[in-house]
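Since the structure comes first, as structure tokens, the remarks are kept for the end.
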Amino acid sequence: MNNRIKLAEDRFNRKFTRIFGGDSGNNPCWEWTAGKFTDGYGCFHFEGKEIGAHRVAWMLHNGPIPEDRMVCHTCDNPGCVNPSHLFLGTATDNNHDRDRKGRGHKHSREHYQRIQKLSAAARVENNRGR
Ligand SMILES: [Zn+2]
């Protein structure tokens, strides 16, 4: 792994917090605590570009993403960057998957609110050191 990637990884690893509870058991979501896109996906700056944090998670753990593939979530939490909650799919897979799960809301509203609260708290925690 080259140094550029290593630095990105260090930066990446400081920007999420594990969310225990809900239906994720011992394999919790890694909730992105830095900037997010309006659709809830984490936003990561890399080499002058803003890319989806879940895509970065995939690349750091599995290598490059084939051009015709998307990184999808098994947990339906767009802010999650846990590599074991991610899989490669096509755009069609992603849509089918979402339809099957009923527009992608496996977690309850309460679960999302809890995640939001926790990630807000984590953000405060992260800022304290600056
Ligand atoms: Zn997850």
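Labeling convention for the structure tokens: chains A, B, ... as they appear, residues from 1 per chain, ligands from 1 in order of appearance.
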
For chain A against ligand 1, with a cut-off of 10 Å and counting only C-alpha atoms and all ligand atoms, what is the closest atom pair and its distance in Å to one decimal for every residue that makes the cut, ordered by chain and number, as a tab-separated table?
residue	atom	partner	partner_atom_place_in_ligand_line	distance
A:Arg18	CA	ligand 1	1 (Zn)	9.2
A:Ile19	CA	ligand 1	1 (Zn)	8.7
A:Ser24	CA	ligand 1	1 (Zn)	7.5
A:Asn27	CA	ligand 1	1 (Zn)	8.2
A:Pro28	CA	ligand 1	1 (Zn)	6.3
A:Cys29	CA	ligand 1	1 (Zn)	3.6
A:Trp30	CA	ligand 1	1 (Zn)	6.1
A:Glu31	CA	ligand 1	1 (Zn)	7.5
A:His54	CA	ligand 1	1 (Zn)	9.8
A:His73	CA	ligand 1	1 (Zn)	6.7
A:Thr74	CA	ligand 1	1 (Zn)	6.9
A:Cys75	CA	ligand 1	1 (Zn)	4.6
A:Asp76	CA	ligand 1	1 (Zn)	6.9
A:Asn77	CA	ligand 1	1 (Zn)	5.6
A:Pro78	CA	ligand 1	1 (Zn)	7.9
A:Gly79	CA	ligand 1	1 (Zn)	7.8
A:Cys80	CA	ligand 1	1 (Zn)	4.6
A:Val81	CA	ligand 1	1 (Zn)	6.6
A:Asn82	CA	ligand 1	1 (Zn)	5.7
A:Pro83	CA	ligand 1	1 (Zn)	8.3
A:Ser84	CA	ligand 1	1 (Zn)	7.9
A:His85	CA	ligand 1	1 (Zn)	5.0
A:Leu86	CA	ligand 1	1 (Zn)	7.6

Exercise. Can you list, as a ChimeraX atom specification, every protein, DNA or RNA residue that comes within 12 Å of A:Met59 when you count only C-alpha atoms, leaving out same-chain residues fewer than 2 positions away?
Worked result: /A:1,5-6,8-9,12,51-57,61-66,70-71,81-83,86-88

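Secondary structure by DSSP on the backbone puts the following residues of stretch 41-78 of chain A in alpha helix (DSSP H): Ala53, His54, Arg55, Val56, Ala57, Trp58, Met59, Leu60, His61 and Asn62 of chain A.
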
With N, CA and C atoms retained, could you export that selection as an mmCIF file, in the first residue's frame?
data_model
loop_
_atom_site.group_PDB
_atom_site.id
_atom_site.type_symbol
_atom_site.label_atom_id
_atom_site.label_comp_id
_atom_site.auth_asym_id
_atom_site.auth_seq_id
_atom_site.Cartn_x
_atom_site.Cartn_y
_atom_site.Cartn_z
ATOM 1 N N ALA A 53 -17.939 8.088 1.172
ATOM 2 C CA ALA A 53 -17.099 7.460 2.197
ATOM 3 C C ALA A 53 -17.226 5.930 2.141
ATOM 4 N N HIS A 54 -18.430 5.426 1.792
ATOM 5 C CA HIS A 54 -18.612 3.973 1.710
ATOM 6 C C HIS A 54 -17.786 3.398 0.560
ATOM 7 N N ARG A 55 -17.609 4.211 -0.503
ATOM 8 C CA ARG A 55 -16.765 3.771 -1.617
ATOM 9 C C ARG A 55 -15.301 3.709 -1.183
ATOM 10 N N VAL A 56 -14.905 4.699 -0.354
ATOM 11 C CA VAL A 56 -13.539 4.714 0.162
ATOM 12 C C VAL A 56 -13.327 3.486 1.051
ATOM 13 N N ALA A 57 -14.335 3.200 1.896
ATOM 14 C CA ALA A 57 -14.243 2.031 2.783
ATOM 15 C C ALA A 57 -14.014 0.774 1.952
ATOM 16 N N TRP A 58 -14.768 0.642 0.877
ATOM 17 C CA TRP A 58 -14.624 -0.533 0.024
ATOM 18 C C TRP A 58 -13.218 -0.605 -0.561
ATOM 19 N N MET A 59 -12.752 0.531 -1.080
ATOM 20 C CA MET A 59 -11.440 0.556 -1.739
ATOM 21 C C MET A 59 -10.304 0.260 -0.770
ATOM 22 N N LEU A 60 -10.412 0.799 0.445
ATOM 23 C CA LEU A 60 -9.347 0.575 1.428
ATOM 24 C C LEU A 60 -9.270 -0.901 1.807
ATOM 25 N N HIS A 61 -10.403 -1.581 1.818
ATOM 26 C CA HIS A 61 -10.411 -2.966 2.281
ATOM 27 C C HIS A 61 -10.370 -3.992 1.154
ATOM 28 N N ASN A 62 -10.845 -3.608 -0.019
ATOM 29 C CA ASN A 62 -10.957 -4.607 -1.082
ATOM 30 C C ASN A 62 -10.268 -4.231 -2.378
#

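We find atom CA of A:Arg4 and atom CA of A:Arg69 to be spaced 24.0 Å apart.
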
For this session: Skip A:Gly35 itself and residues of its chain fewer than 2 positions away, then list as a VMD selection string all residues within 12 Å of it, counting only C-alpha atoms.
Result: chain A and resid 12 15 to 16 31 to 33 37 to 45 50 to 53 79 119 to 120 123

Could you please take those selected residues and save C-alpha atoms as a PDB file, in the first residue's frame?
ATOM      1  CA  PHE A  12     -10.668   7.825   7.183  1.00  0.00           C
ATOM      2  CA  LYS A  15     -14.128   9.797  10.890  1.00  0.00           C
ATOM      3  CA  PHE A  16     -16.540   7.101  11.944  1.00  0.00           C
ATOM      4  CA  GLU A  31     -21.463   5.595  11.171  1.00  0.00           C
ATOM      5  CA  TRP A  32     -19.660   8.348   9.291  1.00  0.00           C
ATOM      6  CA  THR A  33     -19.257  11.372  11.569  1.00  0.00           C
ATOM      7  CA  PHE A  37     -23.898  14.353   1.090  1.00  0.00           C
ATOM      8  CA  THR A  38     -27.556  15.411   1.186  1.00  0.00           C
ATOM      9  CA  ASP A  39     -28.650  11.811   0.540  1.00  0.00           C
ATOM     10  CA  GLY A  40     -26.935  10.642   3.742  1.00  0.00           C
ATOM     11  CA  TYR A  41     -23.804   9.143   2.221  1.00  0.00           C
ATOM     12  CA  GLY A  42     -20.553  10.069   3.924  1.00  0.00           C
ATOM     13  CA  CYS A  43     -18.354  12.499   2.034  1.00  0.00           C
ATOM     14  CA  PHE A  44     -14.587  12.009   1.893  1.00  0.00           C
ATOM     15  CA  HIS A  45     -12.086  14.364   0.264  1.00  0.00           C
ATOM     16  CA  GLU A  50     -15.366  14.439  -2.947  1.00  0.00           C
ATOM     17  CA  ILE A  51     -16.204  10.776  -3.009  1.00  0.00           C
ATOM     18  CA  GLY A  52     -18.636   8.602  -1.097  1.00  0.00           C
ATOM     19  CA  ALA A  53     -17.099   7.460   2.197  1.00  0.00           C
ATOM     20  CA  GLY A  79     -23.912   6.688   6.358  1.00  0.00           C
ATOM     21  CA  SER A 119     -23.030  10.840  15.407  1.00  0.00           C
ATOM     22  CA  ALA A 120     -23.713  14.404  16.556  1.00  0.00           C
ATOM     23  CA  ARG A 123     -18.680  15.042  16.138  1.00  0.00           C
TER      24      ARG A 123
END
